[in-house]
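One structure below.
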Amino acid sequence: MKNPKTIKKAVVIKKPTAKKSRVAGGSVTLKIAIAALKKALATHGGDVELVSFSRGTVKVRLQGACSGCPMAAMTLRDTVERYLVAKVPGVKRVVAVE
């Protein structure tokens with residue numbers, strides 16, 4: 001038997017429960033998806049804010065470097081909308097608001 005003084009305690013890291021972070025089918029909740037997009041846009045100095053979600057339409061506000069950028073429409077369509085439609089159930093389109 002090992003000496004009790006030499007036994008190290010194991011560190012347990014709790015993983016988030018499935019109900020809090022994910023929904024069925026491997027898709028994520030809207031708030032988690034927006035948080036992931038924030039990280040991606042931050043690499044270019046931009047940001048995104050969730051304004052509302054109703055009847056399949058997500059309204060977002062592009063901020064930071066994305067606000068007023070000539071490529072903002074393409075970022076919205078090719079990055080934000082594509083990601084949210086693929087990952088969040090019920091999202092059909094994404095619209096930018098000022």
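So you can find residues: chains in the structure tokens are A, B, ... in the order shown, residues in each start at 1, and ligands are numbered from 1 in order.
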
So that each row is one residue of stretch 64-93 of chain A with an atom at most 8 Å from stretch 28-38 of chain A, can you give its shortest atom pair and the distance in Å to one decimal, using only C-alpha atoms, rows by chain and rising number, as a Markdown table?
| residue | atom | partner | partner_atom | distance |
| --- | --- | --- | --- | --- |
| A:Val80 | CA | A:Leu37 | CA | 6.9 |
| A:Tyr83 | CA | A:Ala33 | CA | 7.9 |
| A:Leu84 | CA | A:Ala33 | CA | 6.7 |
| A:Lys87 | CA | A:Val28 | CA | 5.7 |
| A:Val88 | CA | A:Val28 | CA | 5.5 |
| A:Pro89 | CA | A:Thr29 | CA | 8.0 |

Take the residues from that selection and put them in a file with C-alpha atoms, as a PDB file, in the first residue's frame.
ATOM      1  CA  VAL A  80     -22.355  35.145 -39.731  1.00  0.00           C
ATOM      2  CA  TYR A  83     -22.581  29.761 -39.380  1.00  0.00           C
ATOM      3  CA  LEU A  84     -25.847  30.546 -37.580  1.00  0.00           C
ATOM      4  CA  LYS A  87     -25.433  25.541 -36.174  1.00  0.00           C
ATOM      5  CA  VAL A  88     -28.595  26.951 -34.599  1.00  0.00           C
ATOM      6  CA  PRO A  89     -31.940  25.222 -35.117  1.00  0.00           C
TER       7      PRO A  89
END

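In terms of minimum interatomic distance to A:Ala65, A:Ala42 ranks closest within A:Val91, A:Ala42, A:Val97, A:Ala86, counting only C-alpha atoms.
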
From A:Gly90, A:Gly64, A:Pro70, A:Gly56, residue lying nearest A:His44 [only C-alpha atoms]: A:Gly64

A:Arg82 surroundings by only C-alpha atoms, 9 Å radius, close-in-sequence under 5 positions cut, as JSON, numbers by chain: {"A": [76, 77, 87, 93, 94]}

Selection to disk with C-alpha atoms, as an mmCIF file, in the first residue's frame:
data_model
loop_
_atom_site.group_PDB
_atom_site.id
_atom_site.type_symbol
_atom_site.label_atom_id
_atom_site.label_comp_id
_atom_site.auth_asym_id
_atom_site.auth_seq_id
_atom_site.Cartn_x
_atom_site.Cartn_y
_atom_site.Cartn_z
ATOM 1 C CA LEU A 76 -22.612 39.037 -42.703
ATOM 2 C CA ARG A 77 -23.671 36.644 -45.459
ATOM 3 C CA LYS A 87 -25.433 25.541 -36.174
ATOM 4 C CA ARG A 93 -31.730 34.179 -42.176
ATOM 5 C CA VAL A 94 -29.632 36.922 -40.614
#

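Here atom CA of A:Ala72 and atom CA of A:Leu41 stand 10.9 Å from one another.
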